[in-house]
file work_1.cif (mmCIF, C-alpha atoms and all ligand atoms)
data_my_file
loop_
_atom_site.label_atom_id
_atom_site.label_comp_id
_atom_site.auth_asym_id
_atom_site.auth_seq_id
_atom_site.Cartn_x
_atom_site.Cartn_y
_atom_site.Cartn_z
CA MET M 12 0.00 0.00 0.00
CA GLU M 13 2.86 2.35 0.74
CA ALA M 14 4.42 2.01 -2.72
CA ILE M 15 3.17 5.39 -3.93
CA GLU M 16 5.19 6.72 -6.86
CA GLU M 17 5.18 9.35 -9.63
CA LEU M 18 3.27 11.94 -7.61
CA ALA M 19 2.04 14.89 -9.62
CA LEU M 20 -0.39 17.64 -8.70
CA LYS M 21 -2.77 19.27 -11.16
CA PRO M 22 -5.92 21.37 -10.96
CA CYS M 23 -9.19 19.47 -10.78
CA THR M 24 -11.33 20.88 -13.57
CA SER M 25 -14.09 18.29 -13.59
CA SER M 26 -14.80 15.35 -11.34
CA LEU M 27 -17.25 12.51 -10.89
CA TYR M 28 -16.87 12.86 -7.13
CA LEU M 29 -16.99 16.55 -6.29
CA ARG M 30 -18.33 19.74 -7.81
CA PRO M 31 -17.46 23.16 -6.38
CA PHE M 32 -20.14 25.88 -6.21
CA ARG M 33 -20.61 29.34 -4.70
CA LEU M 34 -23.94 30.25 -3.09
CA CYS M 35 -24.58 34.01 -2.89
CA TYR M 36 -27.24 35.21 -0.46
CA ARG M 37 -28.31 37.97 1.90
CA GLN M 38 -28.54 37.17 5.60
CA ASN M 39 -30.23 39.67 7.93
CA GLY M 40 -29.59 42.32 5.30
CA THR M 41 -25.89 41.51 4.78
CA LYS M 42 -24.71 40.19 1.43
CA LYS M 43 -22.68 37.02 1.73
CA PHE M 44 -21.39 34.08 -0.19
CA TRP M 45 -20.20 30.61 0.71
CA ASP M 46 -18.08 28.26 -1.37
CA PHE M 47 -18.85 24.59 -1.04
CA MET M 48 -18.56 21.23 -2.70
CA ARG M 49 -21.27 18.81 -3.80
CA THR M 50 -20.22 15.26 -2.96
CA HIS M 51 -21.94 11.98 -2.31
CA ASP M 52 -23.47 11.03 0.99
CA SER M 53 -21.85 8.03 2.65
CA VAL M 54 -22.31 5.11 5.01
CA SER M 55 -19.87 3.78 7.57
CA ILE M 56 -19.97 0.64 9.65
CA LEU M 57 -18.57 -0.12 13.09
CA ILE M 58 -17.67 -3.83 12.89
CA PHE M 59 -17.13 -5.88 16.04
CA ASN M 60 -15.81 -9.43 15.76
CA THR M 61 -17.30 -11.35 18.70
CA SER M 62 -15.10 -14.43 18.06
CA ARG M 63 -12.00 -12.43 18.88
CA GLN M 64 -13.45 -9.44 20.75
CA CYS M 65 -11.94 -6.90 18.42
CA PHE M 66 -13.03 -4.08 16.16
CA VAL M 67 -12.42 -4.44 12.45
CA VAL M 68 -11.28 -1.19 10.83
CA VAL M 69 -9.53 -0.33 7.58
CA LYS M 70 -6.34 1.48 6.71
CA GLN M 71 -6.05 3.39 3.44
CA PHE M 72 -3.79 5.87 1.68
CA ARG M 73 -5.76 9.12 1.54
CA PRO M 74 -4.41 11.63 -0.97
CA ALA M 75 -6.16 14.59 0.72
CA VAL M 76 -4.59 13.77 4.08
CA TYR M 77 -1.23 13.16 2.44
CA MET M 78 -1.27 16.53 0.68
CA CYS M 79 -2.07 18.35 3.94
CA GLU M 80 1.11 16.83 5.35
CA VAL M 81 3.06 17.72 2.21
CA GLU M 82 1.89 21.34 2.52
CA ARG M 83 2.99 21.44 6.14
CA HIS M 84 6.52 20.53 5.00
CA HIS M 85 6.48 22.46 1.69
CA PRO M 86 4.12 25.45 2.10
CA GLN M 87 4.46 26.44 -1.59
CA VAL M 88 3.16 23.14 -2.94
CA PHE M 89 -0.32 24.42 -3.83
CA GLN M 90 0.94 27.58 -5.60
CA ASN M 91 0.58 27.77 -9.39
CA GLN M 92 -2.50 25.62 -9.00
CA ASP M 93 -4.24 27.45 -11.84
CA LYS M 94 -1.72 26.24 -14.41
CA GLU M 95 -3.21 23.41 -16.44
CA SER M 96 -0.01 21.43 -16.06
CA PHE M 97 1.32 18.68 -13.86
CA SER M 98 3.66 19.72 -11.14
CA HIS M 99 5.75 16.73 -10.23
CA LEU M 100 6.50 16.39 -6.55
CA LYS M 101 10.20 15.85 -6.10
CA ASP M 102 11.50 14.15 -2.98
CA PRO M 103 8.00 13.38 -1.65
CA LEU M 104 7.14 12.49 1.93
CA PRO M 105 6.76 8.81 2.81
CA ALA M 106 3.31 7.58 1.74
CA LEU M 107 2.72 6.46 5.32
CA GLU M 108 2.03 10.14 6.15
CA GLY M 109 -1.22 9.79 4.21
CA VAL M 110 -2.42 6.47 5.60
CA THR M 111 -5.34 6.71 8.01
CA TYR M 112 -7.39 4.36 10.17
CA GLU M 113 -11.09 4.52 9.33
CA LEU M 114 -14.32 2.67 9.75
CA CYS M 115 -15.32 0.54 6.81
CA ALA M 116 -17.21 3.06 4.66
CA GLY M 117 -18.48 3.83 1.22
CA ILE M 118 -20.16 6.50 -0.81
CA VAL M 119 -23.86 6.30 -1.61
CA ASP M 120 -23.66 6.21 -5.38
CA LYS M 121 -25.86 3.27 -6.37
CA PRO M 122 -29.40 4.41 -7.00
CA GLY M 123 -31.98 1.81 -6.04
CA LEU M 124 -29.97 0.32 -3.18
CA SER M 125 -30.88 1.08 0.43
CA LEU M 126 -28.26 2.50 2.78
CA GLU M 127 -28.23 -0.89 4.52
CA GLU M 128 -27.58 -2.72 1.25
CA ILE M 129 -24.73 -0.36 0.39
CA ALA M 130 -23.29 -0.80 3.89
CA CYS M 131 -23.37 -4.62 3.66
CA GLY M 132 -21.68 -4.40 0.26
CA GLU M 133 -18.87 -2.33 1.75
CA VAL M 134 -18.40 -4.72 4.68
CA LEU M 135 -17.96 -7.58 2.22
CA GLU M 136 -15.76 -5.73 -0.28
CA GLU M 137 -13.53 -3.99 2.21
CA CYS M 138 -13.40 -6.42 5.14
CA GLY M 139 -14.51 -9.78 3.73
CA TYR M 140 -17.45 -10.46 6.10
CA ARG M 141 -20.86 -11.47 4.76
CA VAL M 142 -23.42 -9.70 6.94
CA PRO M 143 -27.18 -10.05 6.27
CA VAL M 144 -28.89 -6.69 5.72
CA THR M 145 -31.28 -7.41 8.60
CA GLU M 146 -28.40 -7.73 11.05
CA LEU M 147 -27.18 -4.19 10.62
CA LYS M 148 -28.11 -1.83 13.43
CA ARG M 149 -28.46 1.84 12.56
CA ILE M 150 -26.62 3.94 15.16
CA THR M 151 -27.26 7.45 13.86
CA SER M 152 -26.49 9.87 11.06
CA TYR M 153 -24.65 13.17 11.09
CA ARG M 154 -23.16 15.80 8.80
CA SER M 155 -19.64 14.76 7.97
CA GLY M 156 -18.38 18.19 6.91
CA VAL M 157 -20.53 21.26 7.55
CA GLY M 158 -18.16 23.86 6.09
CA VAL M 159 -17.31 22.38 2.74
CA THR M 160 -19.51 19.44 1.77
CA GLY M 161 -22.52 19.32 4.10
CA SER M 162 -22.89 15.66 3.21
CA ARG M 163 -24.63 13.18 5.44
CA GLN M 164 -23.02 10.04 6.78
CA THR M 165 -25.11 7.23 8.24
CA LEU M 166 -23.39 5.03 10.80
CA PHE M 167 -24.26 1.36 11.30
CA TYR M 168 -23.13 -1.33 13.72
CA ALA M 169 -22.47 -4.93 12.68
CA GLU M 170 -21.45 -7.86 14.83
CA VAL M 171 -19.49 -10.53 12.97
CA THR M 172 -17.89 -13.87 13.76
CA ASP M 173 -14.89 -15.58 12.17
CA GLN M 174 -17.35 -17.92 10.41
CA MET M 175 -18.85 -14.96 8.53
CA ARG M 176 -15.52 -14.11 6.90
CA THR M 177 -15.69 -15.30 3.31
CA SER M 178 -12.75 -13.41 1.81
CA GLU M 179 -9.78 -11.25 2.66
CA GLY M 180 -11.58 -8.02 1.81
CA GLY M 181 -9.21 -5.28 0.72
CA GLY M 182 -11.54 -3.35 -1.57
CA GLN M 183 -12.18 -3.59 -5.28
CA PRO M 184 -8.85 -3.66 -7.11
CA GLU M 185 -10.63 -2.87 -10.39
CA GLU M 186 -11.69 0.46 -8.82
CA GLY M 187 -8.13 1.01 -7.66
CA GLU M 188 -9.01 0.39 -4.04
CA LEU M 189 -6.22 -0.86 -1.82
CA ILE M 190 -7.36 -1.40 1.72
CA GLU M 191 -5.70 -3.06 4.68
CA VAL M 192 -8.03 -4.69 7.22
CA VAL M 193 -6.87 -4.07 10.79
CA GLU M 194 -8.17 -5.54 14.03
CA ILE M 195 -8.17 -3.43 17.19
CA PRO M 196 -8.62 -5.51 20.37
CA LEU M 197 -11.50 -4.20 22.48
CA GLU M 198 -9.23 -3.79 25.50
CA ASP M 199 -6.91 -1.47 23.53
CA SER M 200 -9.66 0.49 21.80
CA MET M 201 -9.91 3.58 24.02
CA LYS M 202 -6.15 4.04 24.08
CA PHE M 203 -6.16 3.65 20.29
CA ALA M 204 -8.99 6.17 19.92
CA TYR M 205 -7.08 8.94 21.68
CA ASP M 206 -3.60 8.15 20.36
CA GLU M 207 -2.89 11.17 18.18
CA THR M 208 0.10 9.49 16.56
CA LEU M 209 -2.33 7.14 14.78
CA PRO M 210 -4.24 9.32 12.28
CA LYS M 211 -7.93 8.45 12.17
CA THR M 212 -11.40 9.76 11.44
CA MET M 213 -13.82 11.06 14.03
CA GLY M 214 -16.14 8.19 13.08
CA VAL M 215 -13.68 5.74 14.64
CA ILE M 216 -13.46 7.71 17.89
CA PHE M 217 -17.19 8.35 18.15
CA SER M 218 -18.22 4.78 17.36
CA PHE M 219 -15.74 3.24 19.81
CA MET M 220 -17.22 5.45 22.52
CA TRP M 221 -20.76 4.52 21.43
CA PHE M 222 -19.75 0.88 21.83
CA GLN M 223 -18.43 1.51 25.34
CA ASN M 224 -21.73 3.10 26.32
CA ASN M 225 -24.15 0.81 24.54
CA ILE M 226 -22.65 -2.60 23.86
CA ALA M 227 -19.76 -3.19 26.26
CA PRO M 228 -21.97 -3.22 29.38
CA LYS M 229 -24.05 -6.05 27.87
CA LEU M 230 -21.15 -8.25 26.78
CA PRO M 231 -20.92 -11.58 28.59
CA LYS M 232 -18.31 -11.31 31.35
CA LYS M 233 -15.19 -13.35 30.65
N1 LIG H 1 -12.46 12.21 -4.63
C1 LIG H 1 -12.22 11.09 -5.34
N2 LIG H 1 -11.27 11.06 -6.29
C2 LIG H 1 -11.04 9.94 -7.00
N3 LIG H 1 -11.71 8.80 -6.85
C3 LIG H 1 -12.67 8.76 -5.91
C4 LIG H 1 -12.98 9.90 -5.13
N4 LIG H 1 -13.99 9.56 -4.29
C5 LIG H 1 -14.29 8.28 -4.54
N5 LIG H 1 -13.50 7.80 -5.51
C6 LIG H 1 -13.55 6.45 -6.10
O1 LIG H 1 -14.69 5.80 -5.65
C7 LIG H 1 -14.34 4.78 -4.75
C8 LIG H 1 -15.26 4.97 -3.57
O2 LIG H 1 -14.93 4.15 -2.53
P1 LIG H 1 -15.90 4.04 -1.30
O3 LIG H 1 -17.32 3.97 -1.76
O4 LIG H 1 -15.35 3.00 -0.39
O5 LIG H 1 -15.81 5.46 -0.63
P2 LIG H 1 -14.83 5.92 0.51
O6 LIG H 1 -14.69 4.92 1.63
O7 LIG H 1 -13.59 6.42 -0.13
O8 LIG H 1 -15.74 7.08 1.06
C9 LIG H 1 -15.19 8.18 1.61
O9 LIG H 1 -15.84 9.26 1.04
C10 LIG H 1 -16.98 9.74 1.67
C11 LIG H 1 -17.54 10.94 0.93
O10 LIG H 1 -16.54 11.73 0.38
C12 LIG H 1 -16.60 10.06 3.10
O11 LIG H 1 -17.59 10.73 3.77
C13 LIG H 1 -16.32 8.73 3.76
O12 LIG H 1 -16.07 8.90 5.14
C14 LIG H 1 -15.15 8.10 3.13
O13 LIG H 1 -15.04 6.77 3.61
C15 LIG H 1 -12.86 4.95 -4.44
O14 LIG H 1 -12.19 3.78 -4.19
C16 LIG H 1 -12.38 5.61 -5.71
O15 LIG H 1 -12.15 4.65 -6.70
MG MG H 2 -14.50 2.87 1.45
#
call {"tool": "encode", "arguments": {"input": "work_1.cif", "output": "structure tokens"}}
result
Amino acid sequence: MEAIEELALKPCTSSLYLRPFRLCYRQNGTKKFWDFMRTHDSVSILIFNTSRQCFVVVKQFRPAVYMCEVERHHPQVFQNQDKESFSHLKDPLPALEGVTYELCAGIVDKPGLSLEEIACGEVLEECGYRVPVTELKRITSYRSGVGVTGSRQTLFYAEVTDQMRTSEGGGQPEEGELIEVVEIPLEDSMKFAYDETLPKTMGVIFSFMWFQNNIAPKLPKK
């Protein structure tokens, strides 16, 4: 996963995944505008393996996270962004700087499928567990980015056993997905959640805490 090569930055002039807009308006008499991005809504799934009492999360190289780190080291990197040319990144940072821990998740881009069906598809593709749609528990939904995208993410909970694992997971290589499945033992999960040296999404932190409040007290005592 960390073999990232031939990095080059260019402006994004059209995209299947995001479209920038500017909304102009008047609020309490004051003229304003706000720039934002239309993106897909998404689902994410907290997966708990009861056979081994661990959470199942994924690790991925995230270009947006990586480029934030690159900018921290090379503040000029995003200059000349209007030029319609590639700017090759010489002497890049290690790809590991852009790898994050996340819940299994996916964008809602298949019309006709319910959120639950999309979520089960992601659990199978990314983590290799076959979970029946009826066994997903909806936790809640929230806005995943209020400043820029406003998109909604719906969070589910799925309990799995080793017997439900039918493949390695890892994502869909034909879509260029390269995902590492990682198990976090329940007993280490709160330390993991607050360890700032392990980059992660808020979904991981929130859902681990939800588990502590809602599921952990009901687990059979060992
Ligand atoms: N900006 C982009 N540029 C190029 N290719 C892209 C792209 N966005 C998606 N894709 C392609 O579409 C695939 C989508 O994969 P997923 O459905 O698993 O979404 P992902 O988990 O990245 O969602 C994630 O995206 C949603 C919405 O942006 C987040 O909210 C969620 O937390 C997060 O997991 C990617 O593998 C890639 O091939
Ligand atoms: Mg995904």
call {"tool": "residues_near_ligand", "arguments": {"input": "work_1.cif", "ligand": "ligand LIG 1 (chain H)", "cutoff": "7 Å", "atoms": "all atoms listed in the file", "output": "PyMOL selection string"}}
result
chain M and resi 28-29+50-53+55+115-119+133+155+164+186-188
call {"tool": "residues_near_ligand", "arguments": {"input": "work_1.cif", "ligand": "ligand MG 2 (chain H)", "cutoff": "12 Å", "atoms": "all atoms listed in the file", "output": "JSON, numbers by chain"}}
result
{"M": [53, 54, 55, 56, 68, 69, 70, 71, 72, 73, 111, 112, 113, 114, 115, 116, 117, 118, 119, 120, 129, 130, 131, 132, 133, 134, 135, 136, 137, 138, 180, 181, 182, 183, 186, 187, 188, 189, 190, 191, 192]}
call {"tool": "atom_distance", "arguments": {"input": "work_1.cif", "atom1": "atom CA of Leu57 of chain M", "atom2": "atom CA of Phe219 of chain M"}}
result
8.0 Å
call {"tool": "closest_residue", "arguments": {"input": "work_1.cif", "among": "M:Glu194, M:Leu107, M:Val88, M:Asp199", "to": "Val76 of chain M", "atoms": "all atoms listed in the file"}}
result
M:Leu107
call {"tool": "residues_near_point", "arguments": {"input": "work_1.cif", "point": "(4.0, 12.2, -12.1)", "cutoff": "7 Å", "atoms": "only C-alpha atoms", "output": "list in words"}}
result
Glu17, Leu18, Ala19 and His99 of chain M
call {"tool": "write_last_selection", "arguments": {"input": "work_1.cif", "atoms": "C-alpha atoms", "output": "compact mmCIF listing (two decimals), keeping the file's coordinate frame"}}
result
# COMPACT_ATOMS: atom_id res chain seq x y z
CA GLU M 17 5.18 9.35 -9.63
CA LEU M 18 3.27 11.94 -7.61
CA ALA M 19 2.04 14.89 -9.62
CA HIS M 99 5.75 16.73 -10.23
call {"tool": "residues_around", "arguments": {"input": "work_1.cif", "residues": "segment 220-233 of chain M", "least_positions_apart": "3", "cutoff": "8 Å", "atoms": "all atoms listed in the file", "output": "JSON, numbers by chain"}}
result
{"M": [201, 216, 217]}
call {"tool": "closest_residue", "arguments": {"input": "work_1.cif", "among": "M:Ala75, M:Leu27, M:Met213, M:Leu126", "to": "Arg154 of chain M", "atoms": "only C-alpha atoms"}}
result
M:Met213
call {"tool": "atom_distance", "arguments": {"input": "work_1.cif", "atom1": "atom CA of Asp173 of chain M", "atom2": "atom CA of Gly214 of chain M"}}
result
23.8 Å
call {"tool": "build_atoms", "arguments": {"input": "work_1.cif", "residues": "segment 215-229 of chain M", "atoms": "N, CA, C and O atoms", "output": "compact mmCIF listing (two decimals), keeping the file's coordinate frame"}}
result
# COMPACT_ATOMS: atom_id res chain seq x y z
N VAL M 215 -14.30 6.81 13.84
CA VAL M 215 -13.68 5.74 14.64
C VAL M 215 -13.82 6.09 16.13
O VAL M 215 -14.29 5.28 16.93
N ILE M 216 -13.46 7.31 16.48
CA ILE M 216 -13.46 7.71 17.89
C ILE M 216 -14.89 7.69 18.44
O ILE M 216 -15.18 7.10 19.48
N PHE M 217 -15.80 8.30 17.68
CA PHE M 217 -17.19 8.35 18.15
C PHE M 217 -17.78 6.96 18.31
O PHE M 217 -18.42 6.65 19.32
N SER M 218 -17.55 6.09 17.32
CA SER M 218 -18.22 4.78 17.36
C SER M 218 -17.63 3.89 18.45
O SER M 218 -18.35 3.10 19.07
N PHE M 219 -16.33 4.01 18.71
CA PHE M 219 -15.74 3.24 19.81
C PHE M 219 -16.36 3.68 21.14
O PHE M 219 -16.63 2.86 22.02
N MET M 220 -16.59 4.97 21.28
CA MET M 220 -17.22 5.45 22.52
C MET M 220 -18.68 5.01 22.60
O MET M 220 -19.16 4.65 23.67
N TRP M 221 -19.36 5.01 21.46
CA TRP M 221 -20.76 4.52 21.43
C TRP M 221 -20.78 3.07 21.90
O TRP M 221 -21.66 2.67 22.68
N PHE M 222 -19.83 2.29 21.44
CA PHE M 222 -19.75 0.88 21.83
C PHE M 222 -19.56 0.76 23.34
O PHE M 222 -20.22 -0.06 24.00
N GLN M 223 -18.67 1.57 23.89
CA GLN M 223 -18.43 1.51 25.34
C GLN M 223 -19.71 1.79 26.13
O GLN M 223 -19.98 1.16 27.14
N ASN M 224 -20.51 2.72 25.61
CA ASN M 224 -21.73 3.10 26.32
C ASN M 224 -22.88 2.15 26.10
O ASN M 224 -23.73 2.00 26.96
N ASN M 225 -22.94 1.54 24.92
CA ASN M 225 -24.15 0.81 24.54
C ASN M 225 -24.01 -0.69 24.43
O ASN M 225 -24.97 -1.41 24.62
N ILE M 226 -22.83 -1.17 24.08
CA ILE M 226 -22.65 -2.60 23.86
C ILE M 226 -21.79 -3.23 24.95
O ILE M 226 -22.15 -4.27 25.50
N ALA M 227 -20.70 -2.60 25.30
CA ALA M 227 -19.76 -3.19 26.26
C ALA M 227 -20.43 -3.62 27.56
O ALA M 227 -20.15 -4.72 28.06
N PRO M 228 -21.36 -2.80 28.12
CA PRO M 228 -21.97 -3.22 29.38
C PRO M 228 -22.78 -4.52 29.27
O PRO M 228 -23.00 -5.18 30.27
N LYS M 229 -23.21 -4.86 28.05
CA LYS M 229 -24.05 -6.05 27.87
C LYS M 229 -23.24 -7.27 27.43
O LYS M 229 -23.81 -8.35 27.23
